[in-house]
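For reference, the structure is listed below as structure tokens.
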Amino acid sequence: MTIATLVRDRAIQTPDAVAMREKHRGIWREITWRQYWDTAQSVAHALRDLGVGPGDRVAILSENRPEWLFADVATVALRAATVGLYPTSPAGDIGYLLAHSGAKVLIAEDQEQVDKALAVLGDCPQLRRIVYLDPKGIRNRYQHEALLSFDEMLVEADHGDRPELGLAEEPEDLAALVYTSGTTGRPKGAMLTVSNVDFAIGVLCGDGGLTDPPPGPRDSALSYLPLCHVAERVFTVWLGAASGVVVHFGESIATVQADLREVQPTILFGVPRIWEKMLAGVTTRLAGASRLKRANGRLWLRVADGIGATLAANGGRHTLGSRLRYALGWLCCYRALRERIGLRHVRYAASGAAPVAPEVLRFFMGIGVPMHEVYGMTENAAIATGNRPGRVRLGTVGEAQPGVEVRVADDGEIQTRHAGTFAGYFQDPAATAAALTADGWLRTGDIGVLEGTYLRITDRAKDIIITAGGKNIAPSELENALKASPYIKEAVVVGDRRAYLTALVGIELETVGDWAQRRGLAYTTYRDLSGKAEVVALVRGIVDEVNAGRAPVEQLKTFRMLPKELDHETGELTATQKVRRAAVADAFRAEVDEMYRSPA
């Protein structure tokens, strides 16, 4: 069973049911399962005409849109593998991934992405054709033999003979080549096979997996995180094909908040940055409301904090008292608030891909959003552990999913083993050998502890700070506590082989800007605002709150404001917005050195 056969079967069983919706010029357009499968078949025939066959790779360089899914399903139908590329990546990174993967065909979204591909085409000997989705700025200006429009490709495929797709598959066939974010070096291509994906789908859609009851056609989701990330592939492509969840594609990443309000999804996955930003937005809007609305909001958010604490203490289950308080809060605040942020109908919300502060999860639980922190990674098909409905324990990433083994090695490293464990890194046997034990356990690189059946992650092994006094410190705990504030966007703790801990702190421009305006504090740029004495004092107060109750060796002795926002293009962030610590330390070496120049 593959995503191609799953889509085909849904097209046969429920041809007129809605598979996905796409917003175009303000209108949501429906795509049925029959249309989904017919288009995917046309794309498959076209790719076969372009020379794609079993074992080949097809790369996709595009924002989330239906064509991404059509191409993914079509590629798998040919027993080839999809390679997702981040549309925010610069040309140099795109060239490396195209060359390393040996992709034969690239499907690029628009002129911007085509320009990147053409700039590196000479370094990609196996790349034969570049198929573009949006002809604007390309059709009449570009004359290159490698270029072909998506529509033209489909017309040519539909005019020829179309023998039935065999859809034969072998469990070891490569279904997806997913490149890691590359926080410490070049990205590595994790090979996920048909059997890996099949196992992941079985866990997500089975009893005791993702939701209770399992996801189905009555559920809806919004696709907005990059589809080249394994987590979004799980929720958009795999879950949709297997369960019939209706997937929605907004007009752009910039319209996510508006799209959430319109779609009101029932299932929503977000990385911590999404939940933190949503919380910051609530804080900003509340601060700018009228006096009466502000007083009402603050009252019920205090009540929500108590409800969240009760839920956290009871595995996510209400007591009679918390249920009564929530019922009143629903009438007075929570219904309108959840409607406004697009979470009114969410029955399952998940945070994953990076650590998140428990305070953030508790806020959403308190206003009625059923939050679950989950854990997985590319190399285990995003399946490892999860907090289940009614069994939530904040501060942990939950219990092992069905069919998953989890252990903590003697050195504290978390290891997993199950049928979804990847086949290895593409063209990198040394890295594959380093990632897997002889008996098939995956070395995750994460440090943690098992508390009964619950797994608590401390940090990435490579990120653990060892101070000059020999104390091991997990920086993510401090960083997440700082980022729980709506005023802080980034926090990078420093202190390896140093006498004490310090931090580089980046502000959340929108919320701090609003805070400054309400106090009559004028500013021009991010650098200007972050350098204001009043803003530094605001951050100092947050740092003091985080330090409170911690042992002296675990406290931040001082900090410096980042003079700019961290950026992917300058190498400080990965395509998945993870901090490259070495790059940040190098870029802001002067600020770091200043913090250690004199005693704190």
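A note on labels: chains of the structure tokens are A, B, ... as shown, every chain counts residues from 1, and ligands are counted from 1 in their shown order.
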
Residues of stretch 535-598 of chain A in strand (DSSP E) according to DSSP, as a VMD selection string?
chain A and resid 556 to 561

Residues flagged alpha helix (DSSP H) by DSSP in stretch 186-315 of chain A, as number ranges by chain
A: 194-205, 230-233, 239-243, 256-263, 272-287, 291-313

Output the selection as a PDB file, in the first residue's frame - C-alpha atoms for each residue.
```pdb
ATOM      1  CA  VAL A 194       7.116   2.357   1.241  1.00  0.00           C
ATOM      2  CA  SER A 195       7.055   0.178   4.360  1.00  0.00           C
ATOM      3  CA  ASN A 196       8.214   3.114   6.539  1.00  0.00           C
ATOM      4  CA  VAL A 197       5.350   5.287   5.309  1.00  0.00           C
ATOM      5  CA  ASP A 198       2.883   2.402   5.623  1.00  0.00           C
ATOM      6  CA  PHE A 199       3.860   1.919   9.271  1.00  0.00           C
ATOM      7  CA  ALA A 200       3.508   5.633  10.016  1.00  0.00           C
ATOM      8  CA  ILE A 201       0.035   5.719   8.465  1.00  0.00           C
ATOM      9  CA  GLY A 202      -1.015   2.682  10.471  1.00  0.00           C
ATOM     10  CA  VAL A 203      -0.010   4.376  13.722  1.00  0.00           C
ATOM     11  CA  LEU A 204      -1.632   7.707  12.881  1.00  0.00           C
ATOM     12  CA  CYS A 205      -4.939   6.257  11.763  1.00  0.00           C
ATOM     13  CA  VAL A 230       8.412  15.277   7.335  1.00  0.00           C
ATOM     14  CA  ALA A 231       5.875  16.466   9.921  1.00  0.00           C
ATOM     15  CA  GLU A 232       3.832  18.454   7.402  1.00  0.00           C
ATOM     16  CA  ARG A 233       4.064  15.574   4.911  1.00  0.00           C
ATOM     17  CA  LEU A 239      -2.971  11.431   6.766  1.00  0.00           C
ATOM     18  CA  GLY A 240      -5.171  12.899   4.028  1.00  0.00           C
ATOM     19  CA  ALA A 241      -4.720   9.937   1.691  1.00  0.00           C
ATOM     20  CA  ALA A 242      -5.215   7.358   4.423  1.00  0.00           C
ATOM     21  CA  SER A 243      -8.101   8.836   6.415  1.00  0.00           C
ATOM     22  CA  VAL A 256      -2.219  31.700   7.720  1.00  0.00           C
ATOM     23  CA  GLN A 257      -4.036  33.486  10.536  1.00  0.00           C
ATOM     24  CA  ALA A 258      -6.868  34.597   8.236  1.00  0.00           C
ATOM     25  CA  ASP A 259      -7.026  31.107   6.682  1.00  0.00           C
ATOM     26  CA  LEU A 260      -7.305  29.518  10.134  1.00  0.00           C
ATOM     27  CA  ARG A 261     -10.276  31.749  10.948  1.00  0.00           C
ATOM     28  CA  GLU A 262     -12.027  30.731   7.719  1.00  0.00           C
ATOM     29  CA  VAL A 263     -11.225  27.004   7.806  1.00  0.00           C
ATOM     30  CA  PRO A 272       6.560  25.693  18.819  1.00  0.00           C
ATOM     31  CA  ARG A 273       7.186  28.949  16.956  1.00  0.00           C
ATOM     32  CA  ILE A 274       3.598  28.864  15.635  1.00  0.00           C
ATOM     33  CA  TRP A 275       2.071  28.413  19.089  1.00  0.00           C
ATOM     34  CA  GLU A 276       4.380  31.042  20.606  1.00  0.00           C
ATOM     35  CA  LYS A 277       3.468  33.552  17.902  1.00  0.00           C
ATOM     36  CA  MET A 278      -0.247  32.853  18.317  1.00  0.00           C
ATOM     37  CA  LEU A 279       0.057  33.460  22.069  1.00  0.00           C
ATOM     38  CA  ALA A 280       2.005  36.669  21.410  1.00  0.00           C
ATOM     39  CA  GLY A 281      -0.757  37.826  19.077  1.00  0.00           C
ATOM     40  CA  VAL A 282      -3.395  37.281  21.767  1.00  0.00           C
ATOM     41  CA  THR A 283      -1.304  39.310  24.213  1.00  0.00           C
ATOM     42  CA  THR A 284      -0.872  42.152  21.722  1.00  0.00           C
ATOM     43  CA  ARG A 285      -4.551  42.359  20.812  1.00  0.00           C
ATOM     44  CA  LEU A 286      -5.582  42.249  24.460  1.00  0.00           C
ATOM     45  CA  ALA A 287      -3.199  45.084  25.344  1.00  0.00           C
ATOM     46  CA  ARG A 291     -10.451  49.211  28.968  1.00  0.00           C
ATOM     47  CA  LEU A 292     -13.599  47.114  29.486  1.00  0.00           C
ATOM     48  CA  LYS A 293     -12.572  44.407  27.013  1.00  0.00           C
ATOM     49  CA  ARG A 294      -9.045  44.379  28.442  1.00  0.00           C
ATOM     50  CA  ALA A 295     -10.339  43.871  31.973  1.00  0.00           C
ATOM     51  CA  ASN A 296     -12.702  41.101  30.842  1.00  0.00           C
ATOM     52  CA  GLY A 297      -9.968  39.364  28.839  1.00  0.00           C
ATOM     53  CA  ARG A 298      -7.443  39.492  31.649  1.00  0.00           C
ATOM     54  CA  LEU A 299      -9.982  38.125  34.111  1.00  0.00           C
ATOM     55  CA  TRP A 300     -10.867  35.119  31.979  1.00  0.00           C
ATOM     56  CA  LEU A 301      -7.277  34.436  30.969  1.00  0.00           C
ATOM     57  CA  ARG A 302      -6.406  34.228  34.675  1.00  0.00           C
ATOM     58  CA  VAL A 303      -9.258  31.752  35.021  1.00  0.00           C
ATOM     59  CA  ALA A 304      -7.904  29.870  31.962  1.00  0.00           C
ATOM     60  CA  ASP A 305      -4.513  29.637  33.634  1.00  0.00           C
ATOM     61  CA  GLY A 306      -6.144  27.853  36.565  1.00  0.00           C
ATOM     62  CA  ILE A 307      -8.130  25.590  34.231  1.00  0.00           C
ATOM     63  CA  GLY A 308      -4.938  24.747  32.336  1.00  0.00           C
ATOM     64  CA  ALA A 309      -3.174  23.888  35.605  1.00  0.00           C
ATOM     65  CA  THR A 310      -6.055  21.590  36.577  1.00  0.00           C
ATOM     66  CA  LEU A 311      -6.021  19.867  33.191  1.00  0.00           C
ATOM     67  CA  ALA A 312      -2.232  19.477  33.348  1.00  0.00           C
ATOM     68  CA  ALA A 313      -2.568  17.817  36.747  1.00  0.00           C
TER      69      ALA A 313
END
```

Selected residue of minimal separation from A:Gly316 among A:Arg65, A:Lys136, A:His248, A:Arg391, counting only C-alpha atoms:
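Of all the options, A:Arg391 lies closest to A:Gly316.
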
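Among the candidates A:His229, A:Arg8, A:Arg407, A:Arg497, the residue lying nearest to A:Leu167 is A:Arg8 (atoms considered: only C-alpha atoms).
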
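Proximity ranking of A:Ala551, A:Val360, A:Ala516, A:Ala409 relative to A:Tyr500 places A:Ala551 first, based on only C-alpha atoms.
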
Considering only C-alpha atoms, return as a PyMOL selection string whatever protein or nucleic-acid residues lie within 8 Å of A:Gly386, sequence-local ones (same chain, fewer than 3 positions apart) excluded.
chain A and resi 372-375+397-401

A:Gly420, A:Pro475, A:Gly216, A:Gly452: which is nearest A:Gly440, counting only C-alpha atoms?
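Nearest to A:Gly440: A:Gly420.
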
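From atom CA of A:Thr193 back to atom CA of A:Lys462, the distance works out to 27.9 Å.
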
Nearby residues (only C-alpha atoms) at most 10 Å from A:Ser476, same-chain spacing under 2 positions excluded, as a list in words:
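My reading of the contact set: Ala354, Pro355, Val356, Ala357, Ile457, Thr458, Asp459, Arg460, Asp463, Ile464, Ile473, Ala474, Leu478, Glu479, Asn480, Ala481, Leu482, Ala491, Val492 and Val493 of chain A.
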
Could you save those same residues with N, CA and C atoms as a PDB file, in the first residue's frame?
```pdb
ATOM      1  N   ALA A 354      10.383  20.465  17.842  1.00  0.00           N
ATOM      2  CA  ALA A 354      11.315  21.174  18.710  1.00  0.00           C
ATOM      3  C   ALA A 354      10.670  21.299  20.085  1.00  0.00           C
ATOM      4  N   PRO A 355      11.466  21.555  21.127  1.00  0.00           N
ATOM      5  CA  PRO A 355      10.883  21.691  22.468  1.00  0.00           C
ATOM      6  C   PRO A 355      10.004  22.933  22.567  1.00  0.00           C
ATOM      7  N   VAL A 356       8.994  22.857  23.418  1.00  0.00           N
ATOM      8  CA  VAL A 356       8.097  23.980  23.646  1.00  0.00           C
ATOM      9  C   VAL A 356       7.927  24.156  25.149  1.00  0.00           C
ATOM     10  N   ALA A 357       7.771  25.409  25.573  1.00  0.00           N
ATOM     11  CA  ALA A 357       7.596  25.677  27.008  1.00  0.00           C
ATOM     12  C   ALA A 357       6.242  25.157  27.471  1.00  0.00           C
ATOM     13  N   ILE A 457      12.440  14.915  27.220  1.00  0.00           N
ATOM     14  CA  ILE A 457      13.651  15.260  26.472  1.00  0.00           C
ATOM     15  C   ILE A 457      14.356  16.412  27.169  1.00  0.00           C
ATOM     16  N   THR A 458      15.644  16.239  27.391  1.00  0.00           N
ATOM     17  CA  THR A 458      16.439  17.282  28.037  1.00  0.00           C
ATOM     18  C   THR A 458      16.968  18.262  27.011  1.00  0.00           C
ATOM     19  N   ASP A 459      17.626  17.738  25.961  1.00  0.00           N
ATOM     20  CA  ASP A 459      18.169  18.597  24.920  1.00  0.00           C
ATOM     21  C   ASP A 459      18.809  17.731  23.844  1.00  0.00           C
ATOM     22  N   ARG A 460      19.292  18.384  22.795  1.00  0.00           N
ATOM     23  CA  ARG A 460      20.112  17.693  21.812  1.00  0.00           C
ATOM     24  C   ARG A 460      21.482  17.438  22.427  1.00  0.00           C
ATOM     25  N   ASP A 463      24.050  19.981  21.814  1.00  0.00           N
ATOM     26  CA  ASP A 463      23.802  21.315  22.341  1.00  0.00           C
ATOM     27  C   ASP A 463      24.067  21.435  23.833  1.00  0.00           C
ATOM     28  N   ILE A 464      24.274  20.316  24.535  1.00  0.00           N
ATOM     29  CA  ILE A 464      24.511  20.362  25.972  1.00  0.00           C
ATOM     30  C   ILE A 464      25.740  21.231  26.263  1.00  0.00           C
ATOM     31  N   ILE A 473      24.594  21.613  31.390  1.00  0.00           N
ATOM     32  CA  ILE A 473      23.406  22.455  31.327  1.00  0.00           C
ATOM     33  C   ILE A 473      22.682  22.205  30.008  1.00  0.00           C
ATOM     34  N   ALA A 474      21.363  22.014  30.076  1.00  0.00           N
ATOM     35  CA  ALA A 474      20.549  21.895  28.865  1.00  0.00           C
ATOM     36  C   ALA A 474      20.043  23.283  28.490  1.00  0.00           C
ATOM     37  N   LEU A 478      16.222  26.776  29.394  1.00  0.00           N
ATOM     38  CA  LEU A 478      16.279  28.212  29.628  1.00  0.00           C
ATOM     39  C   LEU A 478      15.721  28.981  28.435  1.00  0.00           C
ATOM     40  N   GLU A 479      16.081  28.545  27.244  1.00  0.00           N
ATOM     41  CA  GLU A 479      15.637  29.236  26.024  1.00  0.00           C
ATOM     42  C   GLU A 479      14.127  29.192  25.879  1.00  0.00           C
ATOM     43  N   ASN A 480      13.532  28.044  26.134  1.00  0.00           N
ATOM     44  CA  ASN A 480      12.082  27.923  26.011  1.00  0.00           C
ATOM     45  C   ASN A 480      11.359  28.736  27.076  1.00  0.00           C
ATOM     46  N   ALA A 481      11.941  28.801  28.273  1.00  0.00           N
ATOM     47  CA  ALA A 481      11.331  29.613  29.329  1.00  0.00           C
ATOM     48  C   ALA A 481      11.332  31.087  28.937  1.00  0.00           C
ATOM     49  N   LEU A 482      12.403  31.534  28.307  1.00  0.00           N
ATOM     50  CA  LEU A 482      12.457  32.925  27.834  1.00  0.00           C
ATOM     51  C   LEU A 482      11.468  33.153  26.705  1.00  0.00           C
ATOM     52  N   ALA A 491      16.120  33.124  21.682  1.00  0.00           N
ATOM     53  CA  ALA A 491      17.037  33.141  22.817  1.00  0.00           C
ATOM     54  C   ALA A 491      18.085  32.063  22.585  1.00  0.00           C
ATOM     55  N   VAL A 492      19.338  32.440  22.623  1.00  0.00           N
ATOM     56  CA  VAL A 492      20.441  31.494  22.418  1.00  0.00           C
ATOM     57  C   VAL A 492      21.354  31.570  23.631  1.00  0.00           C
ATOM     58  N   VAL A 493      21.333  30.508  24.431  1.00  0.00           N
ATOM     59  CA  VAL A 493      22.147  30.473  25.645  1.00  0.00           C
ATOM     60  C   VAL A 493      23.584  30.100  25.290  1.00  0.00           C
TER      61      VAL A 493
END
```

So that I can check the surroundings of A:Ile60, please list as a compact mmCIF listing (two decimals) with C-alpha atoms, in the first residue's frame every protein, DNA and RNA residue that reaches within 6 Å of it, counting only C-alpha atoms and ignoring chain neighbours fewer than 5 positions away.
```txt
# COMPACT_ATOMS: atom_id res chain seq x y z
CA GLY A 84 11.10 18.21 -1.20
CA LEU A 85 13.13 21.44 -1.29
CA LEU A 106 12.42 19.54 -10.83
CA ILE A 107 8.93 20.95 -10.35
```

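Of the residues under consideration (A:Leu324, A:Ala349, A:Ala336, A:Ala384), A:Ala349 shows the shortest atom-to-atom contact distance to A:Pro265 when counting only C-alpha atoms.
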
Excluding A:Tyr425 and its own-chain neighbours fewer than 3 positions away, which residues fall within 10 Å of it when counting only C-alpha atoms? Please give them as a ChimeraX atom specification.
/A:177-180,188-192,379,422,428-433,435

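Of the listed residues (A:Asp544, A:Ala81, A:Val505, A:Glu63), A:Val505 comes nearest to A:Phe588; the distances count only C-alpha atoms.
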